[in-house]
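Dumped input_37.txt below, it's compact mmCIF, C-alpha atoms (C1' of nucleotides):
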```txt
# COMPACT_ATOMS: atom_id res chain seq x y z
CA MET A 16 0.00 0.00 0.00
CA PRO A 17 1.66 3.20 -1.18
CA ARG A 18 1.77 6.09 1.21
CA MET A 19 0.60 9.47 0.01
CA THR A 20 0.57 12.97 1.36
CA ALA A 21 -2.75 14.14 2.73
CA GLU A 22 -3.08 16.50 -0.20
CA GLU A 23 -2.64 13.72 -2.73
CA ARG A 24 -5.17 11.58 -0.90
CA ARG A 25 -7.68 14.40 -0.87
CA GLU A 26 -7.22 14.57 -4.61
CA SER A 27 -7.95 10.83 -4.95
CA VAL A 28 -10.99 11.22 -2.74
CA ILE A 29 -12.33 13.99 -4.95
CA ARG A 30 -11.95 11.86 -8.08
CA ALA A 31 -13.63 8.90 -6.43
CA ALA A 32 -16.38 11.07 -4.99
CA MET A 33 -17.16 12.51 -8.41
CA SER A 34 -17.80 9.03 -9.77
CA GLU A 35 -19.74 7.75 -6.80
CA PHE A 36 -21.89 10.84 -6.30
CA ALA A 37 -22.63 10.89 -10.04
CA ARG A 38 -24.25 7.48 -9.66
CA GLY A 39 -26.03 7.76 -6.36
CA GLY A 40 -26.35 11.45 -5.62
CA TYR A 41 -25.67 12.89 -2.20
CA HIS A 42 -27.98 10.75 -0.12
CA GLY A 43 -27.62 7.64 -2.24
CA THR A 44 -23.86 7.44 -1.86
CA SER A 45 -22.16 6.17 1.27
CA THR A 46 -18.79 7.39 2.46
CA GLU A 47 -17.97 3.70 2.63
CA ALA A 48 -18.34 3.42 -1.15
CA ILE A 49 -16.03 6.39 -1.71
CA ALA A 50 -13.41 5.05 0.67
CA ARG A 51 -13.50 1.64 -1.00
CA ARG A 52 -12.89 3.23 -4.38
CA VAL A 53 -9.98 5.26 -3.02
CA GLY A 54 -8.57 2.17 -1.37
CA VAL A 55 -8.53 3.59 2.08
CA SER A 56 -10.43 2.99 5.31
CA GLN A 57 -13.71 4.81 5.64
CA PRO A 58 -12.90 6.65 8.90
CA TYR A 59 -9.84 8.15 7.28
CA LEU A 60 -12.03 10.25 5.03
CA PHE A 61 -13.07 12.22 8.06
CA ARG A 62 -9.51 13.14 8.76
CA LEU A 63 -9.11 14.46 5.22
CA PHE A 64 -12.47 16.25 5.15
CA PRO A 65 -14.62 17.60 7.97
CA GLY A 66 -17.67 15.64 6.79
CA LYS A 67 -19.58 14.10 3.94
CA GLN A 68 -20.94 17.39 2.68
CA ALA A 69 -17.45 18.85 2.43
CA ILE A 70 -16.45 15.95 0.19
CA PHE A 71 -19.48 16.53 -2.01
CA LEU A 72 -18.76 20.24 -2.18
CA ALA A 73 -15.12 19.72 -3.16
CA ALA A 74 -16.17 17.25 -5.86
CA ALA A 75 -18.91 19.56 -7.12
CA ASN A 76 -16.60 22.55 -7.42
CA ARG A 77 -14.07 20.41 -9.20
CA CYS A 78 -16.70 19.14 -11.64
CA LEU A 79 -17.90 22.63 -12.54
CA GLU A 80 -14.36 23.91 -12.83
CA GLU A 81 -13.26 21.07 -15.10
CA THR A 82 -16.19 21.49 -17.45
CA ARG A 83 -15.56 25.20 -17.59
CA LEU A 84 -11.90 24.62 -18.47
CA LEU A 85 -12.94 22.09 -21.09
CA PHE A 86 -15.12 24.73 -22.73
CA GLU A 87 -12.45 27.41 -22.55
CA GLU A 88 -9.97 25.03 -24.15
CA ALA A 89 -12.44 23.89 -26.80
CA CYS A 90 -13.24 27.34 -28.19
CA LYS A 91 -9.90 29.07 -27.74
CA ASP A 92 -9.19 28.91 -31.50
CA ALA A 93 -12.66 29.95 -32.59
CA THR A 94 -12.80 32.91 -34.93
CA SER A 95 -16.49 33.75 -34.47
CA PRO A 96 -19.16 33.39 -31.76
CA ASP A 97 -20.91 30.92 -34.02
CA GLU A 98 -17.82 28.79 -34.37
CA ALA A 99 -17.23 28.94 -30.62
CA ASN A 100 -20.76 27.73 -30.11
CA ARG A 101 -20.23 24.74 -32.39
CA MET A 102 -16.88 23.85 -30.89
CA MET A 103 -18.15 24.02 -27.31
CA ALA A 104 -21.25 22.03 -28.16
CA GLU A 105 -19.16 19.32 -29.72
CA ALA A 106 -16.77 19.28 -26.78
CA TYR A 107 -19.73 18.86 -24.45
CA LEU A 108 -21.11 15.91 -26.34
CA VAL A 109 -17.90 14.19 -27.33
CA ASP A 110 -15.13 15.03 -24.87
CA THR A 111 -17.06 15.27 -21.65
CA ASP A 112 -17.30 12.18 -19.49
CA PRO A 113 -20.99 11.27 -19.21
CA GLU A 114 -20.34 10.75 -15.52
CA GLN A 115 -19.60 14.44 -15.19
CA LEU A 116 -22.89 15.36 -16.82
CA LEU A 117 -24.77 13.06 -14.48
CA PHE A 118 -22.90 14.53 -11.55
CA GLN A 119 -23.97 18.00 -12.69
CA MET A 120 -27.58 16.90 -12.36
CA GLN A 121 -26.86 15.51 -8.91
CA ILE A 122 -25.32 18.82 -7.93
CA TYR A 123 -28.39 20.76 -9.01
CA VAL A 124 -30.84 18.66 -7.03
CA ALA A 125 -28.48 18.54 -4.06
CA VAL A 126 -28.65 22.32 -3.90
CA ALA A 127 -32.44 22.21 -3.93
CA SER A 128 -32.46 19.60 -1.16
CA ALA A 129 -29.99 21.49 1.00
CA GLU A 130 -31.95 24.70 0.50
CA ALA A 131 -35.18 22.95 1.49
CA ALA A 132 -33.43 21.60 4.59
CA GLY A 133 -32.48 25.11 5.62
CA ASP A 134 -28.83 24.96 4.56
CA HIS A 135 -28.32 28.05 2.42
CA GLU A 136 -24.53 28.15 2.61
CA PHE A 137 -24.16 25.06 0.46
CA GLY A 138 -26.24 26.50 -2.36
CA ARG A 139 -24.49 29.84 -2.14
CA THR A 140 -21.13 28.19 -2.75
CA ILE A 141 -22.37 26.11 -5.67
CA ARG A 142 -24.14 29.05 -7.27
CA GLU A 143 -20.91 31.00 -7.11
CA SER A 144 -18.97 28.28 -8.94
CA TRP A 145 -21.79 27.87 -11.39
CA LEU A 146 -21.94 31.58 -12.19
CA GLU A 147 -18.23 31.60 -12.99
CA PHE A 148 -19.00 28.79 -15.39
CA TRP A 149 -21.94 30.69 -16.90
CA ASP A 150 -19.91 33.88 -17.29
CA SER A 151 -17.05 31.99 -18.89
CA VAL A 152 -19.43 30.56 -21.48
CA HIS A 153 -21.03 33.93 -21.96
CA LEU A 154 -17.65 35.48 -22.61
CA SER A 155 -16.62 32.76 -25.05
CA LEU A 156 -19.81 33.16 -27.04
CA GLY A 157 -19.66 36.92 -27.37
CA ALA A 158 -21.88 39.34 -25.55
CA ASP A 159 -25.39 38.12 -26.44
CA GLN A 160 -27.42 37.18 -23.32
CA GLU A 161 -30.09 35.32 -25.25
CA GLU A 162 -27.62 33.17 -27.14
CA THR A 163 -25.84 32.19 -23.95
CA THR A 164 -29.17 31.24 -22.44
CA GLU A 165 -29.98 29.12 -25.47
CA PHE A 166 -26.62 27.41 -25.26
CA TRP A 167 -27.20 26.52 -21.63
CA ALA A 168 -30.73 25.41 -22.37
CA TYR A 169 -29.54 22.79 -24.83
CA GLY A 170 -26.85 21.74 -22.41
CA MET A 171 -29.38 21.12 -19.68
CA LEU A 172 -31.56 19.13 -22.07
CA ILE A 173 -28.57 16.96 -22.92
CA ASN A 174 -27.97 16.34 -19.22
CA THR A 175 -31.60 15.41 -18.77
CA LEU A 176 -31.82 13.01 -21.70
CA LEU A 177 -28.61 11.37 -20.57
CA SER A 178 -29.89 11.10 -17.03
CA LEU A 179 -33.10 9.51 -18.27
CA GLY A 180 -30.98 6.96 -20.08
CA PHE A 181 -32.11 7.50 -23.67
CA PRO A 182 -29.63 5.79 -26.01
CA ALA A 183 -27.80 7.94 -28.57
CA ASP A 184 -29.90 6.71 -31.48
CA HIS A 185 -33.25 7.44 -29.83
CA ARG A 186 -35.55 9.88 -31.59
CA VAL A 187 -35.46 12.38 -28.71
CA TRP A 188 -31.92 13.20 -29.80
CA ALA A 189 -32.99 13.86 -33.38
CA GLY A 190 -34.01 17.49 -32.90
CA PHE A 191 -30.55 18.81 -32.13
CA HIS A 192 -29.23 20.95 -34.95
CA THR A 193 -25.64 20.46 -33.80
CA THR A 194 -23.53 17.33 -33.57
CA LYS A 195 -25.06 14.05 -32.57
CA PRO A 196 -24.00 12.72 -29.16
CA LEU A 197 -21.71 9.75 -28.68
CA MET B 1 -59.41 11.03 12.39
CA PRO B 2 -61.48 10.59 9.25
CA ARG B 3 -61.50 7.19 7.67
CA MET B 4 -60.90 6.85 3.96
CA THR B 5 -61.01 4.12 1.39
CA ALA B 6 -57.67 2.64 0.45
CA GLU B 7 -57.92 4.30 -2.94
CA GLU B 8 -58.44 7.73 -1.43
CA ARG B 9 -55.51 7.17 0.90
CA ARG B 10 -53.30 6.14 -1.97
CA GLU B 11 -54.23 9.41 -3.61
CA SER B 12 -53.21 11.36 -0.49
CA VAL B 13 -49.97 9.43 -0.33
CA ILE B 14 -49.17 10.35 -3.91
CA ARG B 15 -49.77 14.05 -3.24
CA ALA B 16 -47.63 13.95 -0.11
CA ALA B 17 -44.93 11.93 -1.84
CA MET B 18 -44.72 14.48 -4.65
CA SER B 19 -43.96 17.23 -2.15
CA GLU B 20 -41.54 15.26 -0.04
CA PHE B 21 -39.63 13.67 -2.89
CA ALA B 22 -39.39 17.07 -4.57
CA ARG B 23 -37.46 18.33 -1.57
CA GLY B 24 -35.30 15.36 -0.69
CA GLY B 25 -35.18 13.14 -3.74
CA TYR B 26 -35.55 9.39 -3.55
CA HIS B 27 -32.80 8.61 -1.05
CA GLY B 28 -33.16 11.82 0.91
CA THR B 29 -36.80 11.26 1.73
CA SER B 30 -37.98 8.84 4.39
CA THR B 31 -41.27 7.00 4.23
CA GLU B 32 -41.74 8.35 7.74
CA ALA B 33 -41.83 11.90 6.37
CA ILE B 34 -44.42 10.96 3.77
CA ALA B 35 -46.59 9.19 6.32
CA ARG B 36 -46.41 12.15 8.69
CA ARG B 37 -47.58 14.48 5.94
CA VAL B 38 -50.46 12.16 5.07
CA GLY B 39 -51.37 11.90 8.73
CA VAL B 40 -51.09 8.16 8.89
CA SER B 41 -48.72 5.68 10.51
CA GLN B 42 -45.61 4.85 8.53
CA PRO B 43 -46.11 1.07 8.30
CA TYR B 44 -49.51 1.63 6.77
CA LEU B 45 -47.85 2.96 3.62
CA PHE B 46 -46.62 -0.56 2.97
CA ARG B 47 -50.13 -1.84 2.90
CA LEU B 48 -51.10 0.75 0.32
CA PHE B 49 -47.96 0.31 -1.77
CA PRO B 50 -45.59 -2.64 -2.10
CA GLY B 51 -42.55 -0.50 -1.25
CA LYS B 52 -40.89 2.87 -1.29
CA GLN B 53 -39.97 2.71 -4.95
CA ALA B 54 -43.58 2.03 -5.91
CA ILE B 55 -44.60 5.20 -4.09
CA PHE B 56 -41.95 7.18 -5.93
CA LEU B 57 -42.99 5.69 -9.23
CA ALA B 58 -46.67 6.50 -8.69
CA ALA B 59 -45.78 10.06 -7.73
CA ALA B 60 -43.44 10.44 -10.69
CA ASN B 61 -46.01 9.24 -13.20
CA ARG B 62 -48.57 11.56 -11.67
CA CYS B 63 -46.19 14.50 -11.89
CA LEU B 64 -45.41 13.93 -15.55
CA GLU B 65 -49.05 13.35 -16.36
CA GLU B 66 -50.20 16.51 -14.58
CA THR B 67 -47.65 18.69 -16.31
CA ARG B 68 -48.61 17.17 -19.63
CA LEU B 69 -52.29 17.92 -19.00
CA LEU B 70 -51.41 21.45 -17.94
CA PHE B 71 -49.70 21.98 -21.28
CA GLU B 72 -52.53 20.46 -23.26
CA GLU B 73 -54.98 22.69 -21.46
CA ALA B 74 -52.81 25.78 -21.85
CA CYS B 75 -52.50 25.60 -25.63
CA LYS B 76 -55.90 24.22 -26.57
CA ASP B 77 -57.07 27.60 -27.89
CA ALA B 78 -53.88 28.41 -29.73
CA THR B 79 -54.30 29.28 -33.40
CA SER B 80 -50.66 28.83 -34.44
CA PRO B 81 -47.65 26.77 -33.34
CA ASP B 82 -45.99 29.99 -32.26
CA GLU B 83 -48.91 30.97 -30.09
CA ALA B 84 -49.02 27.47 -28.62
CA ASN B 85 -45.35 27.81 -27.76
CA ARG B 86 -45.90 31.09 -25.95
CA MET B 87 -48.96 29.83 -24.10
CA MET B 88 -47.25 26.67 -22.93
CA ALA B 89 -44.11 28.53 -21.90
CA GLU B 90 -46.16 30.92 -19.84
CA ALA B 91 -48.13 28.08 -18.27
CA TYR B 92 -44.86 26.41 -17.32
CA LEU B 93 -43.50 29.49 -15.61
CA VAL B 94 -46.65 30.84 -14.05
CA ASP B 95 -49.14 28.05 -13.42
CA THR B 96 -46.83 25.20 -12.56
CA ASP B 97 -46.02 24.59 -8.93
CA PRO B 98 -42.27 25.04 -8.47
CA GLU B 99 -42.37 21.88 -6.40
CA GLN B 100 -43.39 19.95 -9.50
CA LEU B 101 -40.43 21.29 -11.43
CA LEU B 102 -38.06 20.32 -8.64
CA PHE B 103 -39.65 16.90 -8.51
CA GLN B 104 -39.04 16.53 -12.23
CA MET B 105 -35.34 17.01 -11.60
CA GLN B 106 -35.46 14.43 -8.83
CA ILE B 107 -37.15 12.00 -11.19
CA TYR B 108 -34.42 12.41 -13.78
CA VAL B 109 -31.56 11.73 -11.40
CA ALA B 110 -33.48 8.90 -9.76
CA VAL B 111 -33.62 7.15 -13.12
CA ALA B 112 -29.87 7.54 -13.52
CA SER B 113 -29.26 6.17 -10.04
CA ALA B 114 -31.57 3.22 -10.52
CA GLU B 115 -29.98 2.47 -13.87
CA ALA B 116 -26.50 2.58 -12.30
CA ALA B 117 -27.70 0.22 -9.59
CA GLY B 118 -28.81 -2.29 -12.19
CA ASP B 119 -32.54 -1.57 -12.03
CA HIS B 120 -33.60 -1.01 -15.63
CA GLU B 121 -37.31 -1.54 -15.13
CA PHE B 122 -37.70 1.69 -13.20
CA GLY B 123 -36.14 3.78 -15.93
CA ARG B 124 -38.11 2.02 -18.62
CA THR B 125 -41.39 3.00 -16.94
CA ILE B 126 -40.36 6.61 -16.43
CA ARG B 127 -39.07 6.94 -19.98
CA GLU B 128 -42.41 5.69 -21.25
CA SER B 129 -44.35 8.34 -19.30
CA TRP B 130 -41.87 10.97 -20.30
CA LEU B 131 -42.12 10.12 -24.00
CA GLU B 132 -45.89 10.52 -23.85
CA PHE B 133 -45.22 13.94 -22.42
CA TRP B 134 -42.68 14.74 -25.12
CA ASP B 135 -44.99 13.58 -27.88
CA SER B 136 -47.89 15.56 -26.48
CA VAL B 137 -45.78 18.72 -26.57
CA HIS B 138 -44.53 17.85 -30.02
CA LEU B 139 -48.09 17.49 -31.25
CA SER B 140 -49.21 20.76 -29.67
CA LEU B 141 -46.36 22.66 -31.24
CA GLY B 142 -46.87 21.36 -34.77
CA ALA B 143 -44.61 18.88 -36.49
CA ASP B 144 -41.18 20.49 -36.20
CA GLN B 145 -38.69 18.24 -34.33
CA GLU B 146 -36.15 20.99 -33.81
CA GLU B 147 -38.65 23.39 -32.34
CA THR B 148 -39.90 20.77 -29.91
CA THR B 149 -36.32 20.11 -28.86
CA GLU B 150 -35.75 23.81 -28.31
CA PHE B 151 -38.91 24.07 -26.24
CA TRP B 152 -37.76 21.24 -24.02
CA ALA B 153 -34.28 22.67 -23.79
CA TYR B 154 -35.57 25.91 -22.29
CA GLY B 155 -37.82 23.92 -19.99
CA MET B 156 -34.91 21.95 -18.64
CA LEU B 157 -32.88 25.13 -18.11
CA ILE B 158 -35.76 26.57 -16.13
CA ASN B 159 -35.81 23.45 -13.97
CA THR B 160 -32.09 23.73 -13.42
CA LEU B 161 -32.05 27.42 -12.49
CA LEU B 162 -34.94 26.83 -10.13
CA SER B 163 -33.17 23.86 -8.59
CA LEU B 164 -30.04 25.93 -8.08
CA GLY B 165 -32.16 28.47 -6.28
CA PHE B 166 -31.57 31.57 -8.37
CA PRO B 167 -34.17 34.20 -7.47
CA ALA B 168 -36.48 35.45 -10.22
CA ASP B 169 -34.68 38.77 -10.60
CA HIS B 170 -31.24 37.24 -11.02
CA ARG B 171 -29.41 37.97 -14.25
CA VAL B 172 -29.33 34.30 -15.31
CA TRP B 173 -33.05 34.65 -16.00
CA ALA B 174 -32.53 37.68 -18.23
CA GLY B 175 -31.77 35.80 -21.44
CA PHE B 176 -35.20 34.26 -21.86
CA HIS B 177 -37.07 35.77 -24.77
CA THR B 178 -40.44 34.68 -23.38
CA THR B 179 -42.23 35.65 -20.18
CA LYS B 180 -40.25 36.24 -17.04
CA PRO B 181 -40.73 33.65 -14.31
CA LEU B 182 -42.58 34.35 -11.10
C1' DC C 23 -77.38 -7.11 16.79
C1' DG C 24 -73.44 -9.59 15.30
C1' DA C 25 -70.08 -11.02 12.26
C1' DG C 26 -67.15 -10.25 8.49
C1' DT C 27 -64.23 -7.03 6.32
C1' DA C 28 -61.44 -3.28 5.54
C1' DA C 29 -58.79 0.74 7.74
C1' DG C 30 -55.44 1.63 10.70
C1' DT C 31 -51.92 1.16 14.76
C1' DT C 32 -48.02 -0.36 18.01
C1' DA C 33 -44.04 -2.60 18.67
C1' DG C 34 -40.21 -4.41 16.81
C1' DT C 35 -36.04 -5.94 13.74
C1' DG C 36 -32.05 -6.27 10.97
C1' DG C 37 -29.21 -3.63 8.38
C1' DC C 38 -26.93 0.43 7.13
C1' DT C 39 -24.52 5.02 7.87
C1' DA C 40 -21.94 9.07 9.33
C1' DC C 41 -18.87 9.84 12.52
C1' DT C 42 -15.49 8.95 16.88
C1' DC C 43 -11.67 7.14 19.60
C1' DA C 44 -7.77 4.92 20.51
C1' DC C 45 -4.33 2.84 18.51
C1' DT C 46 -0.27 1.41 15.01
C1' DA C 47 3.11 1.91 11.31
C1' DA C 48 6.01 4.50 8.32
C1' DC C 49 8.92 8.44 7.32
C1' DG C 50 12.39 12.30 8.10
C1' DA C 51 15.55 15.03 10.83
C1' DG C 52 19.17 15.40 14.16
C1' DC D 26 19.38 5.12 16.55
C1' DT D 27 15.66 7.74 18.20
C1' DC D 28 12.09 10.64 18.54
C1' DG D 29 8.44 13.54 16.72
C1' DT D 30 5.20 13.85 13.09
C1' DT D 31 2.03 12.28 9.86
C1' DA D 32 -0.52 8.52 7.23
C1' DG D 33 -3.56 5.18 8.15
C1' DT D 34 -6.47 1.32 10.66
C1' DG D 35 -9.88 -1.49 13.74
C1' DA D 36 -13.40 -1.48 16.60
C1' DG D 37 -17.14 0.61 17.91
C1' DT D 38 -21.75 3.67 18.57
C1' DA D 39 -25.92 6.06 18.27
C1' DG D 40 -29.36 6.88 15.19
C1' DC D 41 -32.03 6.18 11.25
C1' DC D 42 -34.30 3.38 7.66
C1' DA D 43 -37.42 0.25 5.06
C1' DC D 44 -40.14 -3.21 6.08
C1' DT D 45 -42.88 -7.07 9.02
C1' DA D 46 -46.11 -9.21 12.24
C1' DA D 47 -49.67 -9.09 15.19
C1' DC D 48 -53.12 -6.59 17.01
C1' DT D 49 -57.28 -3.10 17.31
C1' DT D 50 -60.87 -0.16 15.68
C1' DA D 51 -64.54 1.22 12.76
C1' DC D 52 -67.93 0.59 8.98
C1' DT D 53 -71.49 -2.49 6.58
C1' DC D 54 -74.82 -5.63 5.56
C1' DG D 55 -77.80 -9.64 6.56
```
Would you put the structure from the file into structure tokens?
Amino acid sequence: MPRMTAEERRESVIRAAMSEFARGGYHGTSTEAIARRVGVSQPYLFRLFPGKQAIFLAAANRCLEETRLLFEEACKDATSPDEANRMMAEAYLVDTDPEQLLFQMQIYVAVASAEAAGDHEFGRTIRESWLEFWDSVHLSLGADQEETTEFWAYGMLINTLLSLGFPADHRVWAGFHTTKPL
Amino acid sequence: MPRMTAEERRESVIRAAMSEFARGGYHGTSTEAIARRVGVSQPYLFRLFPGKQAIFLAAANRCLEETRLLFEEACKDATSPDEANRMMAEAYLVDTDPEQLLFQMQIYVAVASAEAAGDHEFGRTIRESWLEFWDSVHLSLGADQEETTEFWAYGMLINTLLSLGFPADHRVWAGFHTTKPL
DNA sequence: CGAGTAAGTTAGTGGCTACTCACTAACGAG
DNA sequence: CTCGTTAGTGAGTAGCCACTAACTTACTCG
């Protein structure tokens, strides 16, 4: 069993948590499952993070940040807003791990649940990360508010269809005027 | 304590389940919470339904059906696809209980979780209900696949922004070219 | 009235889960 | 070598959860 620094372990935990939370969501994922995937004892997680929610939060921020960076990378050579749009859309459908898209959905509902339970701090943090993401996309697309909204709208529909488990050749995917999904 | 027929009770359970599951999702909601809201003992739920998942499924199907009927009602007097679009969009933002939109999100991620856990029957049932919904909207809008897709895309973005808890006057809502949300 | 039936409860159980405490093993510096 | 620090574990605990079994209460109809 290789020894790691606490920081490296935290990194492993975040990766594992992203996968596990993507599948089960916040309440449907046990810290046990995350620890098993990391290859570490379950109580040790609580020395690396103050609690389960902190693990989820770290994973969520990482997920939003990574997708944002993917977009920024994808459209960096675009010469027009329209081309940026196409490049980012393709990156979303082709280069993004489906797990990350499912995890996005889990993040969104986790915020709603936390909010309903009276925890507003959690949502505040996620919204902040998410707005950075939104603004980054907005900037990449040029300055049109409505177009950015449309871009996000299609993105959220993709997440939903994926979450519902419709295969790539199903007719619900036929109405996209951009690239077909994987 | 008024006595009801089993069928009436099942109805109450479905209403209560829709509210509770909307807040907590499948794993974050206890049957205890549902029973408390109904005003009935928790074990009695298992005489009305075979299990927790059956309750969720009944509530989910009801949610999708009700939103579908709301749309059909909203656009029944429309004279053009464009007018139908506007009427349905407004109905979604104004007349739909936000709880129902949150519950929709919970349904979507619940399917993903069930699928990941090896339960494909659950998703199959939900997808069936959801396709009826999709087709109903498609029919109301006229025969254009791409326009239906766009309509759904905006709907899913609305669900997401609501789930994330952005207030109605936040700038992320500004890019919608239809009615402003409540 | 009385007896069957359907609505509803109380008490309980086994299993899981987040989190704690006390401990051990490896590494690095002097 | 040794001693302090840091990575990591094993054993537990209190609480919650879905679900069961056995019982009680109310309505209904002959």
Under the rule of at most 8 Å, produce a per-residue listing of chain B near chain D: chain, number, name, the closest pair of atoms, and the distance in Å, as a Markdown table, using only C-alpha atoms (C1' of nucleotides).
```
| residue | atom | partner | partner_atom | distance |
| --- | --- | --- | --- | --- |
| B:Ser30 | CA | D:DC42 | C1' | 7.4 |
| B:Thr31 | CA | D:DA43 | C1' | 7.8 |
| B:Pro43 | CA | D:DC44 | C1' | 7.7 |
| B:Phe46 | CA | D:DC44 | C1' | 7.7 |
| B:Lys52 | CA | D:DA43 | C1' | 7.7 |
```
(Q) Taking (-42.5, 13.4, -1.6) as a centre in this file's frame and 9 Å as the limit, can you find every polymer residue with an atom that close, using only C-alpha atoms (C1' of nucleotides), and give them as a PyMOL selection string? (A) chain B and resi 13-26+29-31+33-34+55-56+59+103
Q.
Taking 6 positions as the minimum chain separation for residues in the same chain, which residues sit within 10 Å of Glu72 (chain B) when counting all atoms listed in the file? Answer as a count of residues only.
A. 8
Could you list, as a PDB file with C-alpha atoms (C1' of nucleotides), in the coordinates of the input, every residue of chain C that has an atom within 12 Å of an atom of chain B, counting all atoms listed in the file?
```
ATOM      1  C1'  DA C  28     -61.440  -3.280   5.540  1.00  0.00           C
ATOM      2  C1'  DA C  29     -58.790   0.740   7.740  1.00  0.00           C
ATOM      3  C1'  DG C  30     -55.440   1.630  10.700  1.00  0.00           C
ATOM      4  C1'  DT C  31     -51.920   1.160  14.760  1.00  0.00           C
ATOM      5  C1'  DT C  32     -48.020  -0.360  18.010  1.00  0.00           C
ATOM      6  C1'  DA C  33     -44.040  -2.600  18.670  1.00  0.00           C
ATOM      7  C1'  DG C  34     -40.210  -4.410  16.810  1.00  0.00           C
TER       8       DG C  34
END
```
Q: Enter the distance from CA of Met87 (chain B) to CA of Leu141 (chain B), in Å, rounded to one decimal.
A: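 These atoms are spaced 10.4 Å apart.
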Listing only residues of chain A within 9 Å of chain B, what is the closest atom pair and its distance in Å (to one decimal) for each, using all atoms listed in the file, sorted by chain and residue number ascending, as a tab-separated table?
```
residue	atom	partner	partner_atom	distance
A:Ala37	CA	B:Ser113	CA	8.1
A:Arg38	CA	B:Ser113	CA	5.2
A:Gly39	CA	B:Ser113	CA	5.1
A:Gly40	CA	B:Ser113	CA	7.5
A:Tyr41	CA	B:Gly28	CA	8.2
A:His42	CA	B:His27	CA	5.4
A:Gly43	CA	B:His27	CA	5.4
A:Leu117	CA	B:Val109	CA	7.6
A:Met120	CA	B:Val109	CA	6.6
A:Gln121	CA	B:Val109	CA	6.5
A:Ile122	CA	B:Leu164	CA	8.5
A:Tyr123	CA	B:Leu164	CA	5.5
A:Val124	CA	B:Ser163	CA	5.9
A:Ala125	CA	B:Gly24	CA	8.2
A:Val126	CA	B:Leu164	CA	5.7
A:Ala127	CA	B:Ser163	CA	5.0
A:Ser128	CA	B:Gly24	CA	5.1
A:Ala129	CA	B:Gly24	CA	8.3
A:Glu130	CA	B:Gly165	CA	7.8
A:Ala131	CA	B:Arg23	CA	6.0
A:Ala132	CA	B:Arg23	CA	8.1
A:Gly138	CA	B:Leu164	CA	6.9
A:Arg139	CA	B:Gly165	CA	8.8
A:Ile141	CA	B:Leu164	CA	8.0
A:Arg142	CA	B:Leu164	CA	6.7
A:Leu146	CA	B:Val172	CA	8.5
A:Trp149	CA	B:Val172	CA	8.4
A:Asp159	CA	B:Gly175	CA	8.4
A:Gln160	CA	B:Gly175	CA	4.9
A:Glu161	CA	B:Gly175	CA	4.2
A:Glu162	CA	B:Gly175	CA	7.5
A:Thr163	CA	B:Gly175	CA	7.4
A:Thr164	CA	B:Gly175	CA	5.3
A:Glu165	CA	B:Tyr154	CA	7.2
A:Trp167	CA	B:Leu157	CA	6.8
A:Ala168	CA	B:Ala153	CA	4.7
A:Tyr169	CA	B:Ala153	CA	4.9
A:Gly170	CA	B:Ala153	CA	7.6
A:Met171	CA	B:Leu157	CA	5.5
A:Leu172	CA	B:Ala153	CA	4.8
A:Ile173	CA	B:Ala153	CA	8.1
A:Asn174	CA	B:Met156	CA	8.9
A:Thr175	CA	B:Tyr108	CA	6.5
A:Leu176	CA	B:Tyr108	CA	8.4
A:Leu177	CA	B:Ala112	CA	8.1
A:Ser178	CA	B:Ala112	CA	5.0
A:Leu179	CA	B:Tyr108	CA	5.5
A:Gly180	CA	B:Ala112	CA	6.7
A:Phe181	CA	B:Arg127	CA	7.9
A:Val187	CA	B:Thr149	CA	7.8
A:Trp188	CA	B:Thr149	CA	8.2
A:Ala189	CA	B:Gln145	CA	7.3
A:Gly190	CA	B:Glu146	CA	4.2
A:Phe191	CA	B:Glu146	CA	6.2
A:His192	CA	B:Glu146	CA	7.0
```
Q: Record the distance separating CA of Glu88 (chain A) and CA of Arg101 (chain A), expressed in Å with one decimal.
A: 13.2 Å
Which neighbours of Ser129 (chain B) fall inside 8 Å, counting only C-alpha atoms (C1' of nucleotides), when residues of the same chain fewer than 3 positions from it are skipped, and could you give them as a compact mmCIF listing (two decimals) with C-alpha atoms, keeping the file's coordinate frame?
```
# COMPACT_ATOMS: atom_id res chain seq x y z
CA ASN B 61 -46.01 9.24 -13.20
CA LEU B 64 -45.41 13.93 -15.55
CA GLU B 65 -49.05 13.35 -16.36
CA THR B 125 -41.39 3.00 -16.94
CA ILE B 126 -40.36 6.61 -16.43
CA GLU B 132 -45.89 10.52 -23.85
CA PHE B 133 -45.22 13.94 -22.42
```
